[in-house]
$ cat start-v8.pdb   # PDB, C-alpha atoms and all ligand atoms
ATOM      1  CA  MET U   1     -14.784 -25.938  -7.417
ATOM      2  CA  LEU U   2     -12.079 -26.710  -4.865
ATOM      3  CA  ALA U   3     -12.949 -28.347  -1.576
ATOM      4  CA  PRO U   4     -12.310 -25.765   1.193
ATOM      5  CA  MET U   5      -9.775 -28.023   2.951
ATOM      6  CA  SER U   6      -7.505 -28.051  -0.108
ATOM      7  CA  ARG U   7      -7.242 -24.282  -0.391
ATOM      8  CA  LEU U   8      -4.112 -22.277   0.188
ATOM      9  CA  VAL U   9      -4.746 -18.606   0.915
ATOM     10  CA  TRP U  10      -1.939 -16.027   1.195
ATOM     11  CA  VAL U  11      -2.818 -12.752   2.922
ATOM     12  CA  THR U  12      -0.475  -9.744   3.085
ATOM     13  CA  GLY U  13      -0.881  -7.133   5.806
ATOM     14  CA  ALA U  14      -2.149  -9.876   8.117
ATOM     15  CA  SER U  15      -0.652  -8.484  11.339
ATOM     16  CA  SER U  16      -3.639  -6.198  12.005
ATOM     17  CA  GLY U  17      -6.947  -4.831  10.783
ATOM     18  CA  ILE U  18      -8.577  -6.155   7.627
ATOM     19  CA  GLY U  19      -5.752  -8.581   6.792
ATOM     20  CA  ALA U  20      -5.815 -10.240  10.220
ATOM     21  CA  ALA U  21      -9.606 -10.562   9.991
ATOM     22  CA  VAL U  22      -9.423 -12.052   6.468
ATOM     23  CA  ALA U  23      -6.744 -14.527   7.569
ATOM     24  CA  ALA U  24      -8.868 -15.589  10.558
ATOM     25  CA  ALA U  25     -12.017 -15.878   8.445
ATOM     26  CA  TYR U  26     -10.297 -18.073   5.851
ATOM     27  CA  ALA U  27      -8.740 -20.194   8.623
ATOM     28  CA  ASP U  28     -12.276 -20.729   9.965
ATOM     29  CA  THR U  29     -13.265 -22.209   6.573
ATOM     30  CA  GLY U  30     -10.523 -24.835   6.945
ATOM     31  CA  ALA U  31      -8.096 -23.224   4.515
ATOM     32  CA  THR U  32      -4.370 -23.115   5.164
ATOM     33  CA  VAL U  33      -3.521 -19.421   5.455
ATOM     34  CA  LEU U  34      -0.092 -17.901   4.960
ATOM     35  CA  ALA U  35      -0.079 -14.679   6.975
ATOM     36  CA  SER U  36       2.453 -12.042   5.933
ATOM     37  CA  ALA U  37       3.460  -8.651   7.343
ATOM     38  CA  ARG U  38       6.641  -7.170   8.789
ATOM     39  CA  ARG U  39       5.717  -7.604  12.473
ATOM     40  CA  ASP U  40       6.277 -11.163  13.593
ATOM     41  CA  ALA U  41       4.557 -11.128  17.029
ATOM     42  CA  PRO U  42       0.984 -10.391  15.814
ATOM     43  CA  LEU U  43       1.359 -13.056  13.115
ATOM     44  CA  ARG U  44       2.391 -15.600  15.742
ATOM     45  CA  ALA U  45      -0.563 -14.561  17.932
ATOM     46  CA  LEU U  46      -2.895 -15.070  14.965
ATOM     47  CA  ALA U  47      -1.424 -18.526  14.357
ATOM     48  CA  ALA U  48      -1.820 -19.409  18.043
ATOM     49  CA  ALA U  49      -5.535 -18.579  17.818
ATOM     50  CA  HIS U  50      -5.989 -20.280  14.410
ATOM     51  CA  PRO U  51      -3.874 -23.424  13.947
ATOM     52  CA  SER U  52      -4.204 -23.394  10.135
ATOM     53  CA  VAL U  53      -2.542 -19.962   9.970
ATOM     54  CA  VAL U  54       1.157 -20.110   9.073
ATOM     55  CA  PRO U  55       3.136 -16.933   9.881
ATOM     56  CA  LEU U  56       5.274 -15.830   6.957
ATOM     57  CA  PRO U  57       6.961 -12.539   7.954
ATOM     58  CA  LEU U  58       7.655 -10.423   4.894
ATOM     59  CA  ASP U  59       8.258  -6.826   3.893
ATOM     60  CA  VAL U  60       6.279  -6.687   0.652
ATOM     61  CA  THR U  61       8.510  -3.898  -0.690
ATOM     62  CA  ASP U  62      11.652  -6.053  -0.345
ATOM     63  CA  GLN U  63      11.764  -7.640  -3.790
ATOM     64  CA  ALA U  64      14.526 -10.117  -2.932
ATOM     65  CA  ALA U  65      12.598 -11.324   0.134
ATOM     66  CA  VAL U  66       9.385 -11.611  -1.912
ATOM     67  CA  ASP U  67      11.208 -13.674  -4.556
ATOM     68  CA  VAL U  68      12.500 -16.085  -1.899
ATOM     69  CA  ALA U  69       9.101 -16.317  -0.168
ATOM     70  CA  VAL U  70       7.231 -17.014  -3.416
ATOM     71  CA  ALA U  71       9.747 -19.699  -4.449
ATOM     72  CA  ASP U  72       9.461 -21.362  -1.012
ATOM     73  CA  VAL U  73       5.657 -21.261  -1.075
ATOM     74  CA  LEU U  74       5.467 -22.762  -4.560
ATOM     75  CA  LYS U  75       7.932 -25.492  -3.637
ATOM     76  CA  ARG U  76       6.144 -26.357  -0.431
ATOM     77  CA  TYR U  77       2.470 -25.967  -1.418
ATOM     78  CA  GLY U  78       2.517 -26.193  -5.219
ATOM     79  CA  GLY U  79       0.433 -23.050  -5.722
ATOM     80  CA  VAL U  80      -1.739 -20.361  -4.185
ATOM     81  CA  ASP U  81      -5.517 -20.574  -4.570
ATOM     82  CA  VAL U  82      -6.414 -17.155  -3.155
ATOM     83  CA  LEU U  83      -3.901 -14.312  -2.951
ATOM     84  CA  VAL U  84      -5.167 -11.412  -0.823
ATOM     85  CA  LEU U  85      -2.999  -8.339  -1.466
ATOM     86  CA  ASN U  86      -4.042  -6.176   1.433
ATOM     87  CA  ALA U  87      -0.881  -4.585   2.941
ATOM     88  CA  GLY U  88      -1.216  -0.827   2.680
ATOM     89  CA  LEU U  89      -0.143   2.549   3.929
ATOM     90  CA  GLY U  90      -2.150   5.779   4.244
ATOM     91  CA  GLN U  91      -1.480   9.509   3.970
ATOM     92  CA  ARG U  92      -2.520  12.545   5.965
ATOM     93  CA  ALA U  93      -1.225  15.686   4.216
ATOM     94  CA  LYS U  94      -2.046  18.016   1.350
ATOM     95  CA  ALA U  95      -0.001  17.567  -1.835
ATOM     96  CA  VAL U  96       1.847  20.842  -1.352
ATOM     97  CA  TYR U  97       3.227  19.617   1.997
ATOM     98  CA  THR U  98       3.975  16.038   0.843
ATOM     99  CA  ASP U  99       7.581  15.215  -0.072
ATOM    100  CA  LEU U 100       7.885  13.382  -3.368
ATOM    101  CA  ALA U 101       9.650  10.608  -1.431
ATOM    102  CA  VAL U 102       6.362   9.994   0.406
ATOM    103  CA  ASP U 103       4.445   9.793  -2.883
ATOM    104  CA  ARG U 104       6.993   7.210  -4.040
ATOM    105  CA  GLN U 105       6.791   5.250  -0.760
ATOM    106  CA  LEU U 106       3.005   5.015  -1.023
ATOM    107  CA  MET U 107       3.288   3.801  -4.609
ATOM    108  CA  GLU U 108       5.854   1.189  -3.546
ATOM    109  CA  VAL U 109       3.706  -0.257  -0.748
ATOM    110  CA  ASN U 110       0.234   0.180  -2.241
ATOM    111  CA  TYR U 111       0.885  -0.376  -5.959
ATOM    112  CA  PHE U 112       4.260  -1.863  -6.921
ATOM    113  CA  ALA U 113       4.331  -4.415  -4.071
ATOM    114  CA  PRO U 114       1.004  -6.075  -4.998
ATOM    115  CA  VAL U 115       1.856  -5.927  -8.693
ATOM    116  CA  ALA U 116       5.258  -7.528  -8.058
ATOM    117  CA  MET U 117       3.754 -10.347  -5.986
ATOM    118  CA  THR U 118       1.070 -10.914  -8.603
ATOM    119  CA  LYS U 119       3.658 -11.152 -11.378
ATOM    120  CA  LYS U 120       5.714 -13.639  -9.369
ATOM    121  CA  LEU U 121       2.689 -15.894  -8.763
ATOM    122  CA  LEU U 122       0.888 -15.475 -12.076
ATOM    123  CA  PRO U 123       2.849 -18.091 -14.075
ATOM    124  CA  SER U 124       2.043 -20.810 -11.516
ATOM    125  CA  MET U 125      -1.640 -19.791 -11.444
ATOM    126  CA  LEU U 126      -1.807 -19.868 -15.238
ATOM    127  CA  ALA U 127      -0.086 -23.268 -15.323
ATOM    128  CA  ARG U 128      -2.655 -24.666 -12.866
ATOM    129  CA  GLY U 129      -5.576 -22.938 -14.594
ATOM    130  CA  ARG U 130      -6.835 -21.534 -11.316
ATOM    131  CA  GLY U 131      -6.197 -18.816  -8.750
ATOM    132  CA  HIS U 132      -8.052 -15.804  -7.384
ATOM    133  CA  VAL U 133      -6.234 -12.507  -6.867
ATOM    134  CA  VAL U 134      -7.913 -10.177  -4.371
ATOM    135  CA  VAL U 135      -6.602  -6.624  -4.106
ATOM    136  CA  VAL U 136      -7.634  -4.278  -1.330
ATOM    137  CA  SER U 137      -8.065  -0.823  -2.822
ATOM    138  CA  SER U 138     -10.307   1.821  -1.224
ATOM    139  CA  VAL U 139     -13.280   4.033  -1.995
ATOM    140  CA  VAL U 140     -10.611   6.633  -2.769
ATOM    141  CA  GLY U 141      -9.469   4.314  -5.541
ATOM    142  CA  LYS U 142     -12.676   5.555  -7.199
ATOM    143  CA  PHE U 143     -12.279   9.315  -6.615
ATOM    144  CA  GLY U 144      -9.410  11.638  -5.763
ATOM    145  CA  SER U 145      -9.506  12.625  -2.106
ATOM    146  CA  PRO U 146      -8.060  15.902  -0.795
ATOM    147  CA  GLY U 147      -5.365  15.309   1.818
ATOM    148  CA  ARG U 148      -4.843  11.846   0.325
ATOM    149  CA  THR U 149      -3.499  12.647  -3.161
ATOM    150  CA  ALA U 150      -0.656  10.095  -3.177
ATOM    151  CA  TYR U 151      -2.792   7.466  -1.458
ATOM    152  CA  SER U 152      -5.690   7.988  -3.901
ATOM    153  CA  ALA U 153      -3.269   7.827  -6.824
ATOM    154  CA  SER U 154      -1.767   4.552  -5.588
ATOM    155  CA  LYS U 155      -5.227   3.015  -5.235
ATOM    156  CA  HIS U 156      -6.422   4.338  -8.639
ATOM    157  CA  ALA U 157      -3.351   2.710 -10.199
ATOM    158  CA  LEU U 158      -4.468  -0.650  -8.807
ATOM    159  CA  HIS U 159      -7.752  -0.385 -10.720
ATOM    160  CA  GLY U 160      -5.954   0.268 -14.000
ATOM    161  CA  PHE U 161      -3.669  -2.714 -13.537
ATOM    162  CA  TYR U 162      -6.103  -5.241 -12.086
ATOM    163  CA  ASP U 163      -9.078  -4.389 -14.343
ATOM    164  CA  GLY U 164      -6.798  -5.028 -17.307
ATOM    165  CA  LEU U 165      -5.348  -8.178 -15.749
ATOM    166  CA  ARG U 166      -8.837  -9.546 -15.002
ATOM    167  CA  ALA U 167      -9.714  -9.442 -18.683
ATOM    168  CA  GLU U 168      -6.367 -10.981 -19.685
ATOM    169  CA  VAL U 169      -6.583 -14.008 -17.400
ATOM    170  CA  TYR U 170     -10.338 -14.688 -17.370
ATOM    171  CA  PRO U 171     -10.165 -17.237 -20.221
ATOM    172  CA  ASP U 172      -7.416 -19.061 -18.292
ATOM    173  CA  GLY U 173      -9.714 -19.616 -15.311
ATOM    174  CA  LEU U 174      -8.174 -16.967 -13.060
ATOM    175  CA  ARG U 175     -10.285 -14.398 -11.247
ATOM    176  CA  VAL U 176      -9.494 -10.893  -9.958
ATOM    177  CA  THR U 177     -11.490  -9.017  -7.316
ATOM    178  CA  LEU U 178     -10.871  -5.405  -6.301
ATOM    179  CA  VAL U 179     -12.120  -4.491  -2.825
ATOM    180  CA  CYS U 180     -13.033  -0.876  -2.080
ATOM    181  CA  PRO U 181     -13.652  -0.342   1.643
ATOM    182  CA  GLY U 182     -14.926   2.880   3.139
ATOM    183  CA  TYR U 183     -13.964   3.594   6.730
ATOM    184  CA  VAL U 184     -12.806   0.551   8.703
ATOM    185  CA  ARG U 185     -11.924   0.488  12.413
ATOM    186  CA  THR U 186      -8.220  -0.423  12.188
ATOM    187  CA  GLU U 187      -4.764   1.002  12.956
ATOM    188  CA  PHE U 188      -4.688   2.520   9.492
ATOM    189  CA  SER U 189      -4.728   6.215  10.478
ATOM    190  CA  LEU U 190      -2.014   5.582  13.106
ATOM    191  CA  THR U 191       0.556   4.494  10.512
ATOM    192  CA  ALA U 192      -0.585   6.926   7.765
ATOM    193  CA  LEU U 193       2.198   9.262   6.683
ATOM    194  CA  HIS U 194       2.443  13.020   7.080
ATOM    195  CA  GLY U 195       4.111  14.954   4.289
ATOM    196  CA  ASP U 196       7.562  14.571   5.876
ATOM    197  CA  GLY U 197       7.175  10.787   6.175
ATOM    198  CA  SER U 198       6.401  10.741   9.912
ATOM    199  CA  ALA U 199       3.509   8.636  11.186
ATOM    200  CA  HIS U 200       0.183  10.374  11.889
ATOM    201  CA  GLY U 201      -0.118   8.376  15.136
ATOM    202  CA  VAL U 202      -3.749   9.294  15.763
ATOM    203  CA  MET U 203      -6.959   7.272  15.529
ATOM    204  CA  ASP U 204      -9.060   9.437  13.205
ATOM    205  CA  PRO U 205     -12.824   9.775  13.751
ATOM    206  CA  GLY U 206     -13.546   8.167  10.369
ATOM    207  CA  GLN U 207     -11.677   4.976  11.277
ATOM    208  CA  GLU U 208     -12.986   5.014  14.857
ATOM    209  CA  LYS U 209     -16.589   4.994  13.638
ATOM    210  CA  GLY U 210     -15.895   2.665  10.714
ATOM    211  CA  LEU U 211     -16.973  -0.904  10.064
ATOM    212  CA  ALA U 212     -15.425  -3.725  12.068
ATOM    213  CA  PRO U 213     -12.653  -5.426  10.072
ATOM    214  CA  GLU U 214     -14.467  -8.765  10.575
ATOM    215  CA  GLU U 215     -17.441  -7.371   8.638
ATOM    216  CA  VAL U 216     -15.144  -6.343   5.776
ATOM    217  CA  ALA U 217     -13.504  -9.786   5.865
ATOM    218  CA  GLN U 218     -16.887 -11.481   5.430
ATOM    219  CA  ALA U 219     -17.668  -9.191   2.471
ATOM    220  CA  ILE U 220     -14.304 -10.166   0.922
ATOM    221  CA  LEU U 221     -14.906 -13.911   1.357
ATOM    222  CA  ARG U 222     -18.383 -13.499  -0.139
ATOM    223  CA  GLY U 223     -16.952 -11.497  -3.058
ATOM    224  CA  VAL U 224     -14.440 -14.283  -3.769
ATOM    225  CA  ARG U 225     -17.116 -16.990  -3.533
ATOM    226  CA  GLU U 226     -19.331 -15.060  -5.943
ATOM    227  CA  GLU U 227     -16.359 -14.195  -8.212
ATOM    228  CA  ARG U 228     -17.240 -10.509  -8.019
ATOM    229  CA  ASN U 229     -15.140  -8.047 -10.023
ATOM    230  CA  GLU U 230     -15.468  -5.429  -7.324
ATOM    231  CA  VAL U 231     -16.609  -5.322  -3.708
ATOM    232  CA  LEU U 232     -17.706  -1.975  -2.253
ATOM    233  CA  VAL U 233     -18.006  -2.220   1.523
ATOM    234  CA  GLY U 234     -18.547   0.531   4.080
ATOM    235  CA  GLY U 235     -21.084   2.983   5.474
ATOM    236  CA  VAL U 236     -22.623   6.187   4.128
ATOM    237  CA  GLU U 237     -19.260   7.241   2.675
ATOM    238  CA  LEU U 238     -19.896   4.786  -0.173
ATOM    239  CA  ALA U 239     -22.355   7.406  -1.487
ATOM    240  CA  ALA U 240     -19.291   9.386  -2.592
ATOM    241  CA  VAL U 241     -18.487   6.706  -5.183
ATOM    242  CA  HIS U 242     -21.957   7.031  -6.701
ATOM    243  CA  ALA U 243     -21.907  10.856  -6.448
ATOM    244  CA  LYS U 244     -18.610  10.978  -8.362
ATOM    245  CA  ARG U 245     -20.160   8.834 -11.088
ATOM    246  CA  PHE U 246     -23.643  10.312 -11.389
ATOM    247  CA  VAL U 247     -23.321  13.960 -10.201
ATOM    248  CA  PRO U 248     -19.621  14.715 -10.750
ATOM    249  CA  GLY U 249     -20.017  18.517 -10.823
ATOM    250  CA  LEU U 250     -21.812  18.630  -7.493
ATOM    251  CA  PHE U 251     -19.355  16.142  -5.987
ATOM    252  CA  GLU U 252     -16.401  18.263  -7.144
ATOM    253  CA  ARG U 253     -17.877  21.352  -5.476
ATOM    254  CA  LEU U 254     -18.468  19.476  -2.201
ATOM    255  CA  LEU U 255     -14.800  18.437  -2.021
ATOM    256  CA  ARG U 256     -13.393  21.935  -2.636
ATOM    257  CA  GLY U 257     -11.071  23.207   0.086
ATOM    258  CA  ARG U 258     -11.118  19.967   2.057
ATOM    259  CA  GLY U 259      -8.110  17.912   3.181
ATOM    260  CA  THR U 260      -5.758  18.116   6.130
TER     261      THR U 260
HETATM  262  N1  LIG U 301      -9.017   1.277   7.531
HETATM  263  C1  LIG U 301      -9.620   1.926   6.550
HETATM  264  O1  LIG U 301     -10.429   2.848   6.802
HETATM  265  C2  LIG U 301      -9.367   1.536   5.105
HETATM  266  C3  LIG U 301     -10.223   2.065   4.131
HETATM  267  C4  LIG U 301     -10.026   1.724   2.800
HETATM  268  C5  LIG U 301      -8.995   0.872   2.447
HETATM  269  N2  LIG U 301      -8.177   0.379   3.399
HETATM  270  C6  LIG U 301      -7.085  -0.516   2.956
HETATM  271  O2  LIG U 301      -7.135  -1.708   3.699
HETATM  272  C7  LIG U 301      -5.845  -2.312   3.716
HETATM  273  C8  LIG U 301      -5.527  -2.796   5.121
HETATM  274  O3  LIG U 301      -5.474  -1.679   5.985
HETATM  275  P1  LIG U 301      -6.085  -1.712   7.460
HETATM  276  O4  LIG U 301      -7.174  -0.737   7.492
HETATM  277  O5  LIG U 301      -6.337  -3.093   7.907
HETATM  278  O6  LIG U 301      -4.880  -1.049   8.264
HETATM  279  P2  LIG U 301      -3.773  -1.653   9.237
HETATM  280  O7  LIG U 301      -4.407  -2.274  10.406
HETATM  281  O8  LIG U 301      -2.806  -0.536   9.449
HETATM  282  O9  LIG U 301      -3.102  -2.791   8.362
HETATM  283  C9  LIG U 301      -2.103  -2.530   7.402
HETATM  284  C10 LIG U 301      -1.317  -3.806   7.237
HETATM  285  O10 LIG U 301      -0.352  -3.613   6.192
HETATM  286  C11 LIG U 301       0.874  -4.142   6.646
HETATM  287  N3  LIG U 301       2.000  -3.508   5.957
HETATM  288  C12 LIG U 301       2.254  -2.190   5.807
HETATM  289  N4  LIG U 301       3.402  -2.017   5.140
HETATM  290  C13 LIG U 301       3.887  -3.261   4.872
HETATM  291  C14 LIG U 301       5.035  -3.756   4.215
HETATM  292  N5  LIG U 301       5.969  -2.933   3.699
HETATM  293  N6  LIG U 301       5.215  -5.101   4.118
HETATM  294  C15 LIG U 301       4.295  -5.946   4.642
HETATM  295  N7  LIG U 301       3.182  -5.546   5.263
HETATM  296  C16 LIG U 301       2.981  -4.210   5.376
HETATM  297  C17 LIG U 301       0.890  -3.883   8.150
HETATM  298  O11 LIG U 301       1.744  -4.803   8.818
HETATM  299  P3  LIG U 301       3.193  -4.493   9.411
HETATM  300  O12 LIG U 301       3.206  -3.081   9.896
HETATM  301  O13 LIG U 301       3.347  -5.530  10.477
HETATM  302  O14 LIG U 301       4.118  -4.725   8.248
HETATM  303  C18 LIG U 301      -0.561  -4.206   8.494
HETATM  304  O15 LIG U 301      -0.711  -5.593   8.710
HETATM  305  C19 LIG U 301      -4.878  -1.269   3.156
HETATM  306  O16 LIG U 301      -4.532  -1.594   1.831
HETATM  307  C20 LIG U 301      -5.695   0.023   3.170
HETATM  308  O17 LIG U 301      -5.305   0.905   2.152
HETATM  309  C21 LIG U 301      -8.327   0.684   4.725
END

$ encode --input "start-v8.pdb" --output "structure tokens" --more "lines below"
Ligand SMILES: NC(=O)c1ccc[n+]([C@@H]2O[C@H](COP(=O)([O-])OP(=O)(O)OC[C@H]3O[C@@H](n4cnc5c(N)ncnc54)[C@H](OP(=O)(O)O)[C@@H]3O)[C@@H](O)[C@H]2O)c1
Amino acid sequence: MLAPMSRLVWVTGASSGIGAAVAAAYADTGATVLASARRDAPLRALAAAHPSVVPLPLDVTDQAAVDVAVADVLKRYGGVDVLVLNAGLGQRAKAVYTDLAVDRQLMEVNYFAPVAMTKKLLPSMLARGRGHVVVVSSVVGKFGSPGRTAYSASKHALHGFYDGLRAEVYPDGLRVTLVCPGYVRTEFSLTALHGDGSAHGVMDPGQEKGLAPEEVAQAILRGVREERNEVLVGGVELAAVHAKRFVPGLFERLLRGRGT
């Protein structure tokens, strides 16, 4: 078990919401936290409030920039102890109104970006015989949600990849945790994409009434400490995950015709 002071944590999507809260929570444990996102100002504000946070601006879909960032991090710190792949993008449109380009964009941000970062860091984790990869999925990574087809698909894809990876790397000492939040009170619905690629720009009631990101961050830290395979965190909407599993026919009927 590593002493908390020696830990290096890298959080993507750390400029707001869950990622910012996770970065702050890890900084409070004494860890050095690399905080990545595209917007520089919120990362600098986070670092001003938490001296062990190091801003590392990065567009996770820019493969060349990710390659450079990973090489720099490995050279400077030797390795990453906890990698929190949290950057994400939502959707607010039925499939019939969603351009294929938007489906592809959601897959790039929500699926290919975390997979690419994982693949870049995996050899160093395997060489050190340690490392914990945390991936922020969603409850809709567990069931297909109307009005969120591309988003649900991108999150389902994460489960296929990371469940398989967990089994592959377990004997090498690496751990993989998938986090499935329900509604969380963040900017997420503001940046979610309409079918034409424009931003939704509205705080939806689900997000507004959701859990505080700090509460989700604590659940994530606990899940890492306990080496959990999966962390489900949210309110009553978590019942949907169990309904899909145990009463799938009824659940299917309840979803019919929904979606914006
Ligand atoms: N809020 C919810 O109800 C909810 C529910 C389930 C799951 N989730 C998941 O939780 C995660 C975090 O979302 P959130 O709720 O905290 O929303 P948020 O406040 O909108 O945070 C999203 C983060 O992702 C970053 N990001 C987006 N595209 C990026 C890119 N190309 N490169 C780097 N960073 C990028 C954003 O930073 P920049 O814009 O500065 O790049 C921001 O820091 C997402 O994966 C989301 O799917 C959220």

$ atom_distance --input "start-v8.pdb" --atom1 "atom CA of U:Asp103" --atom2 "atom CA of U:Ala150"
5.1 Å

$ residues_near_ligand --input "start-v8.pdb" --ligand "ligand LIG 301 (chain U)" --cutoff "8 Å" --atoms "all atoms listed in the file" --output "JSON, numbers by chain"
{"U": [12, 13, 14, 15, 16, 17, 18, 19, 20, 36, 37, 38, 39, 40, 42, 57, 58, 59, 60, 61, 62, 85, 86, 87, 88, 89, 90, 109, 110, 136, 137, 138, 139, 140, 151, 155, 180, 181, 182, 183, 184, 185, 186, 187, 188, 189, 190, 191, 192, 206, 207, 210, 213]}

$ closest_residue --input "start-v8.pdb" --among "U:Leu158, U:Leu255, U:Ala95, U:Ala69" --to "U:Phe112" --atoms "all atoms listed in the file"
U:Leu158

$ resolve_selection --input "start-v8.pdb" --expression "the PyMOL selection byres (((chain U and resi 230) around 9) and not hetatm)" --output "PDB file with C-alpha atoms, keeping the file's coordinate frame"
ATOM      1  CA  VAL U 176      -9.494 -10.893  -9.958  1.00  0.00           C
ATOM      2  CA  THR U 177     -11.490  -9.017  -7.316  1.00  0.00           C
ATOM      3  CA  LEU U 178     -10.871  -5.405  -6.301  1.00  0.00           C
ATOM      4  CA  VAL U 179     -12.120  -4.491  -2.825  1.00  0.00           C
ATOM      5  CA  CYS U 180     -13.033  -0.876  -2.080  1.00  0.00           C
ATOM      6  CA  GLY U 223     -16.952 -11.497  -3.058  1.00  0.00           C
ATOM      7  CA  GLU U 227     -16.359 -14.195  -8.212  1.00  0.00           C
ATOM      8  CA  ARG U 228     -17.240 -10.509  -8.019  1.00  0.00           C
ATOM      9  CA  ASN U 229     -15.140  -8.047 -10.023  1.00  0.00           C
ATOM     10  CA  VAL U 231     -16.609  -5.322  -3.708  1.00  0.00           C
ATOM     11  CA  LEU U 232     -17.706  -1.975  -2.253  1.00  0.00           C
TER      12      LEU U 232
END

$ atom_distance --input "start-v8.pdb" --atom1 "atom CA of U:Leu122" --atom2 "atom CA of U:Glu168"
11.4 Å

$ axis_aligned_box --input "start-v8.pdb" --around "stretch 33-44 of chain U" --padding-each-side "8 Å" --output "lines of an AutoDock Vina configuration file"
center_x = 1.6
center_y = -13.3
center_z = 11.0
size_x = 26.2
size_y = 28.3
size_z = 28.1

$ atom_distance --input "start-v8.pdb" --atom1 "atom CA of U:His194" --atom2 "atom CA of U:Gly144"
17.5 Å

$ closest_residue --input "start-v8.pdb" --among "U:Leu211, U:Val96, U:Leu8, U:Val70" --to "U:Asp196" --atoms "only C-alpha atoms"
U:Val96

$ residues_near_point --input "start-v8.pdb" --point "(-14.6, 15.6, -4.3)" --cutoff "8 Å" --atoms "all atoms listed in the file" --output "ChimeraX atom specification"
/U:143-146,240,244,251-256

$ closest_residue --input "start-v8.pdb" --among "U:Asp99, U:Glu226, U:Glu108, U:Glu237" --to "U:Gln63" --atoms "all atoms listed in the file"
U:Glu108

$ residues_around --input "start-v8.pdb" --residues "U:Arg44" --least-positions-apart "6" --cutoff "10 Å" --atoms "only C-alpha atoms" --output "NGL selection string"
:U and (15 or 35 or 50 or 53-57)

$ write_last_selection --input "start-v8.pdb" --atoms "C-alpha atoms" --output "mmCIF file, in the frame of the given file"
data_model
loop_
_atom_site.group_PDB
_atom_site.id
_atom_site.type_symbol
_atom_site.label_atom_id
_atom_site.label_comp_id
_atom_site.auth_asym_id
_atom_site.auth_seq_id
_atom_site.Cartn_x
_atom_site.Cartn_y
_atom_site.Cartn_z
ATOM 1 C CA SER U 15 -0.652 -8.484 11.339
ATOM 2 C CA ALA U 35 -0.079 -14.679 6.975
ATOM 3 C CA HIS U 50 -5.989 -20.280 14.410
ATOM 4 C CA VAL U 53 -2.542 -19.962 9.970
ATOM 5 C CA VAL U 54 1.157 -20.110 9.073
ATOM 6 C CA PRO U 55 3.136 -16.933 9.881
ATOM 7 C CA LEU U 56 5.274 -15.830 6.957
ATOM 8 C CA PRO U 57 6.961 -12.539 7.954
#

$ residues_around --input "start-v8.pdb" --residues "U:Tyr26" --least-positions-apart "2" --cutoff "12 Å" --atoms "only C-alpha atoms" --output "ChimeraX atom specification"
/U:4-11,14,19-24,28-35,50-53,81-84,214,217-218,220-222,224-225

$ closest_residue --input "start-v8.pdb" --among "U:Val102, U:Ala153, U:Ala93, U:Leu174" --to "U:Thr118" --atoms "only C-alpha atoms"
U:Leu174

$ closest_residue --input "start-v8.pdb" --among "U:Pro123, U:Arg92, U:Ala212, U:Met117" --to "U:Ala64" --atoms "all atoms listed in the file"
U:Met117

$ closest_residue --input "start-v8.pdb" --among "U:Arg104, U:Lys209, U:Arg76, U:His200" --to "U:Thr260" --atoms "all atoms listed in the file"
U:His200

$ build_atoms --input "start-v8.pdb" --residues "stretch 114-124 of chain U" --atoms "N, CA and C atoms" --output "PDB file, in the coordinates of the input"
ATOM      1  N   PRO U 114       1.974  -5.073  -4.535  1.00  0.00           N
ATOM      2  CA  PRO U 114       1.004  -6.075  -4.998  1.00  0.00           C
ATOM      3  C   PRO U 114       1.240  -6.509  -6.446  1.00  0.00           C
ATOM      4  N   VAL U 115       1.618  -5.562  -7.294  1.00  0.00           N
ATOM      5  CA  VAL U 115       1.856  -5.927  -8.693  1.00  0.00           C
ATOM      6  C   VAL U 115       3.032  -6.904  -8.782  1.00  0.00           C
ATOM      7  N   ALA U 116       4.087  -6.646  -8.010  1.00  0.00           N
ATOM      8  CA  ALA U 116       5.258  -7.528  -8.058  1.00  0.00           C
ATOM      9  C   ALA U 116       4.906  -8.931  -7.572  1.00  0.00           C
ATOM     10  N   MET U 117       4.129  -9.013  -6.493  1.00  0.00           N
ATOM     11  CA  MET U 117       3.754 -10.347  -5.986  1.00  0.00           C
ATOM     12  C   MET U 117       2.860 -11.067  -6.986  1.00  0.00           C
ATOM     13  N   THR U 118       1.959 -10.319  -7.599  1.00  0.00           N
ATOM     14  CA  THR U 118       1.070 -10.914  -8.603  1.00  0.00           C
ATOM     15  C   THR U 118       1.891 -11.477  -9.755  1.00  0.00           C
ATOM     16  N   LYS U 119       2.855 -10.694 -10.233  1.00  0.00           N
ATOM     17  CA  LYS U 119       3.658 -11.152 -11.378  1.00  0.00           C
ATOM     18  C   LYS U 119       4.475 -12.392 -11.031  1.00  0.00           C
ATOM     19  N   LYS U 120       4.938 -12.458  -9.777  1.00  0.00           N
ATOM     20  CA  LYS U 120       5.714 -13.639  -9.369  1.00  0.00           C
ATOM     21  C   LYS U 120       4.831 -14.892  -9.341  1.00  0.00           C
ATOM     22  N   LEU U 121       3.566 -14.727  -8.941  1.00  0.00           N
ATOM     23  CA  LEU U 121       2.689 -15.894  -8.763  1.00  0.00           C
ATOM     24  C   LEU U 121       1.864 -16.237  -9.998  1.00  0.00           C
ATOM     25  N   LEU U 122       1.753 -15.287 -10.913  1.00  0.00           N
ATOM     26  CA  LEU U 122       0.888 -15.475 -12.076  1.00  0.00           C
ATOM     27  C   LEU U 122       1.255 -16.703 -12.921  1.00  0.00           C
ATOM     28  N   PRO U 123       2.536 -16.921 -13.232  1.00  0.00           N
ATOM     29  CA  PRO U 123       2.849 -18.091 -14.075  1.00  0.00           C
ATOM     30  C   PRO U 123       2.362 -19.400 -13.467  1.00  0.00           C
ATOM     31  N   SER U 124       2.493 -19.557 -12.142  1.00  0.00           N
ATOM     32  CA  SER U 124       2.043 -20.810 -11.516  1.00  0.00           C
ATOM     33  C   SER U 124       0.518 -20.903 -11.548  1.00  0.00           C
TER      34      SER U 124
END
